[in-house]
file target_33.txt (compact mmCIF, N, CA and C atoms)
# COMPACT_ATOMS: atom_id res chain seq x y z
N MET J 1 -48.85 -31.02 -2.52
CA MET J 1 -47.61 -30.72 -3.20
C MET J 1 -47.49 -29.23 -3.47
N ARG J 2 -48.58 -28.62 -3.97
CA ARG J 2 -48.55 -27.18 -4.26
C ARG J 2 -48.39 -26.38 -2.98
N LEU J 3 -49.06 -26.79 -1.93
CA LEU J 3 -48.98 -26.08 -0.67
C LEU J 3 -47.55 -26.13 -0.12
N THR J 4 -46.91 -27.25 -0.23
CA THR J 4 -45.53 -27.40 0.23
C THR J 4 -44.60 -26.48 -0.58
N LEU J 5 -44.81 -26.41 -1.87
CA LEU J 5 -44.01 -25.54 -2.73
C LEU J 5 -44.22 -24.07 -2.38
N VAL J 6 -45.46 -23.68 -2.14
CA VAL J 6 -45.76 -22.29 -1.77
C VAL J 6 -45.12 -21.95 -0.43
N ILE J 7 -45.22 -22.85 0.53
CA ILE J 7 -44.60 -22.61 1.85
C ILE J 7 -43.08 -22.51 1.70
N PHE J 8 -42.50 -23.37 0.90
CA PHE J 8 -41.05 -23.34 0.68
C PHE J 8 -40.63 -22.00 0.06
N ILE J 9 -41.36 -21.53 -0.92
CA ILE J 9 -41.04 -20.26 -1.58
C ILE J 9 -41.19 -19.10 -0.60
N LEU J 10 -42.24 -19.10 0.22
CA LEU J 10 -42.44 -18.04 1.21
C LEU J 10 -41.31 -18.03 2.25
N VAL J 11 -40.90 -19.21 2.71
CA VAL J 11 -39.79 -19.30 3.67
C VAL J 11 -38.50 -18.79 3.03
N ALA J 12 -38.28 -19.12 1.77
CA ALA J 12 -37.07 -18.66 1.07
C ALA J 12 -37.07 -17.14 0.95
N ILE J 13 -38.21 -16.57 0.60
CA ILE J 13 -38.31 -15.11 0.48
C ILE J 13 -38.11 -14.45 1.84
N PHE J 14 -38.75 -14.99 2.87
CA PHE J 14 -38.60 -14.45 4.22
C PHE J 14 -37.14 -14.53 4.69
N GLY J 15 -36.51 -15.65 4.42
CA GLY J 15 -35.09 -15.81 4.79
C GLY J 15 -34.19 -14.83 4.05
N TYR J 16 -34.47 -14.62 2.79
CA TYR J 16 -33.69 -13.66 1.99
C TYR J 16 -33.85 -12.24 2.53
N LEU J 17 -35.09 -11.88 2.89
CA LEU J 17 -35.32 -10.54 3.43
C LEU J 17 -34.61 -10.35 4.77
N LEU J 18 -34.64 -11.35 5.63
CA LEU J 18 -33.93 -11.26 6.90
C LEU J 18 -32.41 -11.16 6.69
N TYR J 19 -31.91 -11.94 5.75
CA TYR J 19 -30.48 -11.90 5.42
C TYR J 19 -30.08 -10.49 4.98
N ASN J 20 -30.86 -9.91 4.07
CA ASN J 20 -30.55 -8.56 3.59
C ASN J 20 -30.63 -7.52 4.70
N LYS J 21 -31.59 -7.70 5.60
CA LYS J 21 -31.79 -6.70 6.65
C LYS J 21 -30.66 -6.73 7.68
N TYR J 22 -30.24 -7.91 8.09
CA TYR J 22 -29.29 -8.01 9.20
C TYR J 22 -27.85 -8.27 8.75
N VAL J 23 -27.62 -9.22 7.89
CA VAL J 23 -26.26 -9.58 7.51
C VAL J 23 -25.65 -8.54 6.60
N ARG J 24 -26.33 -8.12 5.57
CA ARG J 24 -25.79 -7.11 4.67
C ARG J 24 -25.61 -5.78 5.36
N LYS J 25 -26.50 -5.47 6.29
CA LYS J 25 -26.37 -4.23 7.04
C LYS J 25 -25.06 -4.22 7.82
N ASP J 26 -24.73 -5.34 8.46
CA ASP J 26 -23.46 -5.45 9.19
C ASP J 26 -22.28 -5.32 8.25
N ARG J 27 -22.37 -5.93 7.09
CA ARG J 27 -21.27 -5.83 6.11
C ARG J 27 -21.11 -4.40 5.62
N ASN J 28 -22.22 -3.72 5.38
CA ASN J 28 -22.15 -2.33 4.92
C ASN J 28 -21.54 -1.44 5.99
N ILE J 29 -21.87 -1.70 7.25
CA ILE J 29 -21.28 -0.92 8.34
C ILE J 29 -19.78 -1.16 8.41
N ASP J 30 -19.35 -2.43 8.28
CA ASP J 30 -17.93 -2.74 8.30
C ASP J 30 -17.20 -2.08 7.13
N SER J 31 -17.78 -2.15 5.94
CA SER J 31 -17.13 -1.53 4.79
C SER J 31 -17.10 -0.01 4.92
N GLN J 32 -18.13 0.57 5.53
CA GLN J 32 -18.15 2.01 5.77
C GLN J 32 -17.03 2.41 6.73
N LYS J 33 -16.81 1.59 7.77
CA LYS J 33 -15.72 1.86 8.72
C LYS J 33 -14.37 1.81 8.01
N LYS J 34 -14.19 0.82 7.13
CA LYS J 34 -12.94 0.72 6.37
C LYS J 34 -12.75 1.92 5.47
N ASP J 35 -13.83 2.36 4.82
CA ASP J 35 -13.75 3.53 3.96
C ASP J 35 -13.38 4.77 4.76
N ASP J 36 -13.96 4.90 5.96
CA ASP J 36 -13.63 6.04 6.81
C ASP J 36 -12.16 6.03 7.20
N LYS J 37 -11.62 4.85 7.50
CA LYS J 37 -10.20 4.76 7.84
C LYS J 37 -9.33 5.13 6.66
N ARG J 38 -9.72 4.69 5.46
CA ARG J 38 -8.95 5.03 4.28
C ARG J 38 -8.95 6.53 4.04
N LYS J 39 -10.08 7.16 4.29
CA LYS J 39 -10.17 8.60 4.12
C LYS J 39 -9.26 9.32 5.09
N GLU J 40 -9.14 8.78 6.31
CA GLU J 40 -8.30 9.41 7.32
C GLU J 40 -6.82 9.08 7.10
N GLY J 41 -6.52 8.10 6.25
CA GLY J 41 -5.14 7.72 5.99
C GLY J 41 -4.57 6.79 7.05
N GLU J 42 -5.44 6.15 7.83
CA GLU J 42 -4.96 5.29 8.90
C GLU J 42 -4.35 3.99 8.40
N ASP J 43 -4.66 3.58 7.18
CA ASP J 43 -4.14 2.32 6.69
C ASP J 43 -2.80 2.49 5.96
N LEU J 44 -2.30 3.71 5.86
CA LEU J 44 -1.00 3.95 5.25
C LEU J 44 0.10 3.81 6.29
N PRO J 45 1.24 3.23 5.92
CA PRO J 45 2.37 3.22 6.84
C PRO J 45 2.81 4.65 7.14
N ASP J 46 3.46 4.85 8.28
CA ASP J 46 3.85 6.19 8.71
C ASP J 46 4.72 6.91 7.68
N PHE J 47 5.66 6.19 7.05
CA PHE J 47 6.55 6.87 6.10
C PHE J 47 5.81 7.31 4.86
N GLU J 48 4.80 6.56 4.43
CA GLU J 48 4.01 7.00 3.28
C GLU J 48 3.05 8.11 3.67
N LYS J 49 2.48 8.02 4.84
CA LYS J 49 1.55 9.04 5.31
C LYS J 49 2.25 10.40 5.39
N GLY J 50 3.45 10.42 5.98
CA GLY J 50 4.23 11.66 6.05
C GLY J 50 4.61 12.17 4.68
N PHE J 51 4.94 11.27 3.78
CA PHE J 51 5.30 11.65 2.41
C PHE J 51 4.14 12.36 1.73
N PHE J 52 2.96 11.76 1.79
CA PHE J 52 1.81 12.34 1.11
C PHE J 52 1.33 13.62 1.79
N GLU J 53 1.39 13.67 3.10
CA GLU J 53 1.00 14.90 3.79
C GLU J 53 1.89 16.07 3.37
N ARG J 54 3.18 15.82 3.31
CA ARG J 54 4.11 16.90 2.96
C ARG J 54 4.04 17.27 1.49
N THR J 55 3.82 16.30 0.60
CA THR J 55 3.69 16.64 -0.82
C THR J 55 2.39 17.39 -1.08
N GLN J 56 1.34 17.04 -0.36
CA GLN J 56 0.09 17.77 -0.52
C GLN J 56 0.20 19.18 0.04
N ALA J 57 1.11 19.38 0.98
CA ALA J 57 1.34 20.72 1.53
C ALA J 57 2.21 21.56 0.60
N GLY J 58 2.72 20.98 -0.48
CA GLY J 58 3.46 21.75 -1.47
C GLY J 58 4.93 21.40 -1.61
N GLU J 59 5.45 20.49 -0.80
CA GLU J 59 6.86 20.11 -0.96
C GLU J 59 7.02 19.27 -2.21
N LYS J 60 8.17 19.41 -2.84
CA LYS J 60 8.46 18.66 -4.07
C LYS J 60 9.08 17.31 -3.71
N SER J 61 8.76 16.32 -4.54
CA SER J 61 9.34 14.99 -4.36
C SER J 61 10.14 14.63 -5.60
N GLN J 62 10.95 13.59 -5.44
CA GLN J 62 11.76 13.15 -6.58
C GLN J 62 12.06 11.67 -6.46
N LEU J 63 12.42 11.08 -7.59
CA LEU J 63 12.86 9.70 -7.64
C LEU J 63 14.28 9.64 -7.10
N LEU J 64 14.48 8.85 -6.06
CA LEU J 64 15.81 8.73 -5.46
C LEU J 64 16.53 7.49 -5.97
N LEU J 65 15.86 6.35 -5.93
CA LEU J 65 16.51 5.08 -6.25
C LEU J 65 15.66 4.24 -7.19
N SER J 66 16.34 3.44 -7.96
CA SER J 66 15.72 2.36 -8.70
C SER J 66 16.41 1.09 -8.21
N LEU J 67 15.64 0.19 -7.60
CA LEU J 67 16.20 -0.99 -6.94
C LEU J 67 15.77 -2.27 -7.62
N ALA J 68 16.60 -3.30 -7.47
CA ALA J 68 16.26 -4.61 -8.00
C ALA J 68 15.72 -5.53 -6.91
N SER J 69 16.07 -5.29 -5.66
CA SER J 69 15.75 -6.21 -4.58
C SER J 69 14.70 -5.63 -3.64
N GLN J 70 13.66 -6.40 -3.41
CA GLN J 70 12.62 -5.99 -2.48
C GLN J 70 13.16 -5.95 -1.06
N GLN J 71 14.08 -6.84 -0.73
CA GLN J 71 14.66 -6.86 0.60
C GLN J 71 15.49 -5.61 0.86
N ASP J 72 16.32 -5.22 -0.11
CA ASP J 72 17.11 -3.99 0.03
C ASP J 72 16.20 -2.78 0.15
N CYS J 73 15.12 -2.77 -0.59
CA CYS J 73 14.17 -1.66 -0.53
C CYS J 73 13.56 -1.55 0.86
N ALA J 74 13.17 -2.67 1.45
CA ALA J 74 12.57 -2.65 2.78
C ALA J 74 13.57 -2.16 3.82
N ILE J 75 14.82 -2.58 3.71
CA ILE J 75 15.85 -2.15 4.66
C ILE J 75 16.14 -0.67 4.51
N ILE J 76 16.26 -0.21 3.27
CA ILE J 76 16.53 1.22 3.04
C ILE J 76 15.38 2.07 3.55
N ARG J 77 14.17 1.64 3.29
CA ARG J 77 13.01 2.40 3.80
C ARG J 77 13.01 2.44 5.32
N SER J 78 13.43 1.36 5.96
CA SER J 78 13.50 1.34 7.42
C SER J 78 14.56 2.31 7.92
N LEU J 79 15.70 2.33 7.25
CA LEU J 79 16.77 3.25 7.63
C LEU J 79 16.33 4.70 7.44
N LEU J 80 15.63 4.97 6.34
CA LEU J 80 15.13 6.32 6.10
C LEU J 80 14.09 6.70 7.15
N GLN J 81 13.21 5.77 7.49
CA GLN J 81 12.19 6.06 8.48
C GLN J 81 12.81 6.33 9.84
N ALA J 82 13.89 5.61 10.18
CA ALA J 82 14.57 5.84 11.46
C ALA J 82 15.12 7.26 11.55
N GLU J 83 15.42 7.86 10.40
CA GLU J 83 15.92 9.24 10.36
C GLU J 83 14.81 10.24 10.04
N ASN J 84 13.55 9.80 10.15
CA ASN J 84 12.38 10.64 9.88
C ASN J 84 12.33 11.18 8.45
N ILE J 85 12.73 10.35 7.52
CA ILE J 85 12.66 10.70 6.10
C ILE J 85 11.53 9.88 5.48
N PRO J 86 10.41 10.52 5.16
CA PRO J 86 9.30 9.77 4.57
C PRO J 86 9.63 9.36 3.14
N SER J 87 9.08 8.23 2.72
CA SER J 87 9.35 7.74 1.37
C SER J 87 8.11 7.06 0.81
N TYR J 88 8.18 6.81 -0.49
CA TYR J 88 7.09 6.16 -1.21
C TYR J 88 7.71 5.26 -2.27
N THR J 89 7.14 4.08 -2.48
CA THR J 89 7.67 3.17 -3.50
C THR J 89 6.61 2.84 -4.54
N GLU J 90 7.10 2.55 -5.74
CA GLU J 90 6.25 2.04 -6.82
C GLU J 90 6.83 0.71 -7.27
N GLY J 91 5.98 -0.25 -7.50
CA GLY J 91 6.41 -1.54 -8.03
C GLY J 91 7.09 -2.43 -7.02
N GLU J 92 6.89 -2.16 -5.74
CA GLU J 92 7.60 -2.91 -4.71
C GLU J 92 7.25 -4.40 -4.71
N HIS J 93 6.02 -4.73 -5.00
CA HIS J 93 5.59 -6.12 -4.94
C HIS J 93 5.38 -6.76 -6.32
N MET J 94 5.69 -6.04 -7.36
CA MET J 94 5.46 -6.56 -8.71
C MET J 94 6.37 -7.75 -9.04
N ASN J 95 7.56 -7.78 -8.48
CA ASN J 95 8.46 -8.89 -8.78
C ASN J 95 7.98 -10.20 -8.16
N ASN J 96 7.17 -10.13 -7.11
CA ASN J 96 6.58 -11.35 -6.58
C ASN J 96 5.61 -11.95 -7.59
N ILE J 97 4.98 -11.10 -8.37
CA ILE J 97 4.04 -11.58 -9.39
C ILE J 97 4.79 -12.08 -10.61
N TYR J 98 5.69 -11.26 -11.12
CA TYR J 98 6.36 -11.59 -12.38
C TYR J 98 7.67 -12.35 -12.20
N GLY J 99 8.35 -12.15 -11.10
CA GLY J 99 9.67 -12.73 -10.95
C GLY J 99 9.71 -14.02 -10.18
N GLY J 100 8.59 -14.55 -9.78
CA GLY J 100 8.58 -15.79 -9.02
C GLY J 100 8.39 -15.52 -7.54
N LEU J 101 8.58 -16.55 -6.76
CA LEU J 101 8.32 -16.45 -5.32
C LEU J 101 9.52 -15.97 -4.53
N SER J 102 10.71 -16.14 -5.04
CA SER J 102 11.91 -15.77 -4.29
C SER J 102 12.39 -14.39 -4.68
N GLY J 103 12.85 -13.63 -3.70
CA GLY J 103 13.39 -12.31 -3.95
C GLY J 103 14.74 -12.35 -4.63
N THR J 104 15.36 -13.52 -4.69
CA THR J 104 16.68 -13.64 -5.30
C THR J 104 16.61 -13.93 -6.79
N MET J 105 15.41 -14.14 -7.32
CA MET J 105 15.28 -14.43 -8.74
C MET J 105 15.46 -13.16 -9.56
N THR J 106 15.55 -13.31 -10.84
CA THR J 106 15.75 -12.18 -11.74
C THR J 106 14.65 -11.15 -11.58
N THR J 107 15.04 -9.90 -11.57
CA THR J 107 14.09 -8.81 -11.41
C THR J 107 13.46 -8.49 -12.75
N VAL J 108 12.16 -8.37 -12.76
CA VAL J 108 11.43 -8.02 -13.97
C VAL J 108 11.06 -6.54 -13.95
N VAL J 109 10.62 -6.06 -12.78
CA VAL J 109 10.18 -4.68 -12.62
C VAL J 109 11.08 -4.00 -11.60
N ALA J 110 11.63 -2.85 -11.96
CA ALA J 110 12.47 -2.11 -11.02
C ALA J 110 11.58 -1.44 -9.98
N ILE J 111 12.04 -1.46 -8.75
CA ILE J 111 11.33 -0.79 -7.66
C ILE J 111 11.82 0.65 -7.62
N LYS J 112 10.89 1.58 -7.61
CA LYS J 112 11.24 3.01 -7.59
C LYS J 112 10.95 3.56 -6.22
N LEU J 113 11.95 4.21 -5.62
CA LEU J 113 11.83 4.79 -4.28
C LEU J 113 11.87 6.30 -4.40
N TYR J 114 10.81 6.95 -3.92
CA TYR J 114 10.68 8.40 -3.97
C TYR J 114 10.85 8.99 -2.57
N ILE J 115 11.48 10.17 -2.52
CA ILE J 115 11.61 10.93 -1.27
C ILE J 115 11.30 12.39 -1.56
N LEU J 116 11.30 13.20 -0.53
CA LEU J 116 11.12 14.64 -0.70
C LEU J 116 12.47 15.25 -1.06
N CYS J 117 12.46 16.25 -1.90
CA CYS J 117 13.70 16.88 -2.36
C CYS J 117 14.53 17.43 -1.20
N ALA J 118 13.87 17.92 -0.16
CA ALA J 118 14.58 18.51 0.98
C ALA J 118 15.40 17.46 1.74
N ASP J 119 15.03 16.18 1.63
CA ASP J 119 15.72 15.11 2.36
C ASP J 119 16.77 14.40 1.52
N TYR J 120 17.05 14.89 0.32
CA TYR J 120 17.91 14.17 -0.61
C TYR J 120 19.31 13.89 -0.05
N ASP J 121 20.01 14.90 0.41
CA ASP J 121 21.40 14.73 0.84
C ASP J 121 21.51 13.74 2.00
N LYS J 122 20.63 13.87 2.96
CA LYS J 122 20.65 12.96 4.11
C LYS J 122 20.33 11.53 3.67
N ALA J 123 19.39 11.36 2.74
CA ALA J 123 19.02 10.03 2.25
C ALA J 123 20.16 9.38 1.48
N VAL J 124 20.86 10.15 0.67
CA VAL J 124 21.99 9.60 -0.09
C VAL J 124 23.10 9.14 0.86
N ASP J 125 23.36 9.89 1.92
CA ASP J 125 24.36 9.47 2.91
C ASP J 125 23.97 8.15 3.56
N ILE J 126 22.71 8.00 3.87
CA ILE J 126 22.23 6.75 4.48
C ILE J 126 22.41 5.59 3.52
N ILE J 127 22.08 5.80 2.26
CA ILE J 127 22.20 4.73 1.26
C ILE J 127 23.65 4.35 1.03
N LYS J 128 24.53 5.33 0.98
CA LYS J 128 25.94 5.03 0.74
C LYS J 128 26.56 4.29 1.92
N ASN J 129 26.05 4.49 3.13
CA ASN J 129 26.55 3.77 4.30
C ASN J 129 25.98 2.36 4.39
N TYR J 130 24.90 2.09 3.70
CA TYR J 130 24.31 0.76 3.67
C TYR J 130 25.05 -0.08 2.64
N LYS J 131 25.51 -1.23 3.04
CA LYS J 131 26.30 -2.09 2.15
C LYS J 131 25.35 -2.97 1.33
N MET J 132 25.28 -2.67 0.03
CA MET J 132 24.51 -3.53 -0.87
C MET J 132 25.25 -3.61 -2.21
N ASP J 133 24.93 -4.62 -2.97
CA ASP J 133 25.55 -4.84 -4.27
C ASP J 133 25.31 -3.63 -5.16
N SER J 134 26.39 -3.02 -5.63
CA SER J 134 26.26 -1.77 -6.41
C SER J 134 25.55 -1.97 -7.75
N SER J 135 25.45 -3.20 -8.23
CA SER J 135 24.75 -3.42 -9.49
C SER J 135 23.24 -3.52 -9.29
N GLY J 136 22.79 -3.54 -8.04
CA GLY J 136 21.38 -3.73 -7.77
C GLY J 136 20.58 -2.45 -7.62
N TYR J 137 21.21 -1.30 -7.80
CA TYR J 137 20.45 -0.05 -7.63
C TYR J 137 21.08 1.07 -8.44
N THR J 138 20.30 2.11 -8.64
CA THR J 138 20.75 3.33 -9.30
C THR J 138 20.28 4.51 -8.49
N ILE J 139 21.22 5.40 -8.12
CA ILE J 139 20.86 6.62 -7.40
C ILE J 139 20.70 7.73 -8.44
N PHE J 140 19.58 8.40 -8.39
CA PHE J 140 19.33 9.49 -9.33
C PHE J 140 19.82 10.81 -8.77
N ASP J 141 20.14 11.73 -9.67
CA ASP J 141 20.65 13.04 -9.26
C ASP J 141 19.58 13.87 -8.58
N LYS J 142 20.05 14.83 -7.79
CA LYS J 142 19.15 15.70 -7.06
C LYS J 142 18.43 16.64 -8.02
N VAL J 143 17.12 16.78 -7.80
CA VAL J 143 16.30 17.68 -8.60
C VAL J 143 16.35 19.04 -7.94
N GLU J 144 16.65 20.05 -8.71
CA GLU J 144 16.74 21.41 -8.16
C GLU J 144 15.45 22.15 -8.30

call {"tool": "encode", "arguments": {"input": "target_33.txt", "output": "structure tokens"}}
result
Amino acid sequence: MRLTLVIFILVAIFGYLLYNKYVRKDRNIDSQKKDDKRKEGEDLPDFEKGFFERTQAGEKSQLLLSLASQQDCAIIRSLLQAENIPSYTEGEHMNNIYGGLSGTMTTVVAIKLYILCADYDKAVDIIKNYKMDSSGYTIFDKVE
């Protein structure tokens, strides 16, 4: 009985050591690759990557819109991206948590859309040409 218990414990220890050596090593390599990609900015969408690159280079940004609808936000960001206007959002997915599963439910958290100050006039023209319910958003004034 004791010999069986000792053998079982030794096999468990040996198995644990092999697991740590091979399986955890692979996981650490995978997580290191993910960290390297994050450092390079590869996991950011193009419009956010351009936004952060330009703001880090010294360009000023500003709050452009406060939106109620996640769908309108996605469409506006697509329209801005088509015109090479980088943007950044805050609170885009918070309404899925607080407002329920449907995008048509009451908005709890306003979605904030930021752009670079240099792109303000062009972005406002794009937004005004996009047909959406006027009660669902607020356009902020240009920052000088």

call {"tool": "closest_residue", "arguments": {"input": "target_33.txt", "among": "J:Lys122, J:Lys142, J:His93, J:Lys131", "to": "Asp72 of chain J", "atoms": "only C-alpha atoms"}}
result
J:Lys131

call {"tool": "residues_around", "arguments": {"input": "target_33.txt", "residues": "Ala68 of chain J", "least_positions_apart": "5", "cutoff": "6 Å", "atoms": "only N, CA and C atoms", "output": "PyMOL selection string"}}
result
chain J and resi 107+110-111+136-137

call {"tool": "atom_distance", "arguments": {"input": "target_33.txt", "atom1": "atom CA of Tyr114 of chain J", "atom2": "atom CA of Ile76 of chain J"}}
result
11.6 Å

call {"tool": "closest_residue", "arguments": {"input": "target_33.txt", "among": "J:Ser69, J:Ser87, J:Asn20, J:Ser78", "to": "Phe51 of chain J", "atoms": "only N, CA and C atoms"}}
result
J:Ser87

call {"tool": "atom_distance", "arguments": {"input": "target_33.txt", "atom1": "atom C of Val109 of chain J", "atom2": "atom CA of Ala57 of chain J"}}
result
29.6 Å

call {"tool": "residues_around", "arguments": {"input": "target_33.txt", "residues": "Gly50 of chain J", "least_positions_apart": "6", "cutoff": "8 Å", "atoms": "only N, CA and C atoms", "output": "ChimeraX atom specification"}}
result
/J:44,56,85-87

call {"tool": "closest_residue", "arguments": {"input": "target_33.txt", "among": "J:Ala123, J:Leu18, J:Ala12, J:Ile7", "to": "Leu80 of chain J", "atoms": "all atoms listed in the file"}}
result
J:Ala123

call {"tool": "atom_distance", "arguments": {"input": "target_33.txt", "atom1": "atom CA of Ile75 of chain J", "atom2": "atom CA of Val143 of chain J"}}
result
23.9 Å

call {"tool": "closest_residue", "arguments": {"input": "target_33.txt", "among": "J:Ala82, J:Leu3, J:Leu65, J:Ile9", "to": "Phe140 of chain J", "atoms": "only N, CA and C atoms"}}
result
J:Leu65
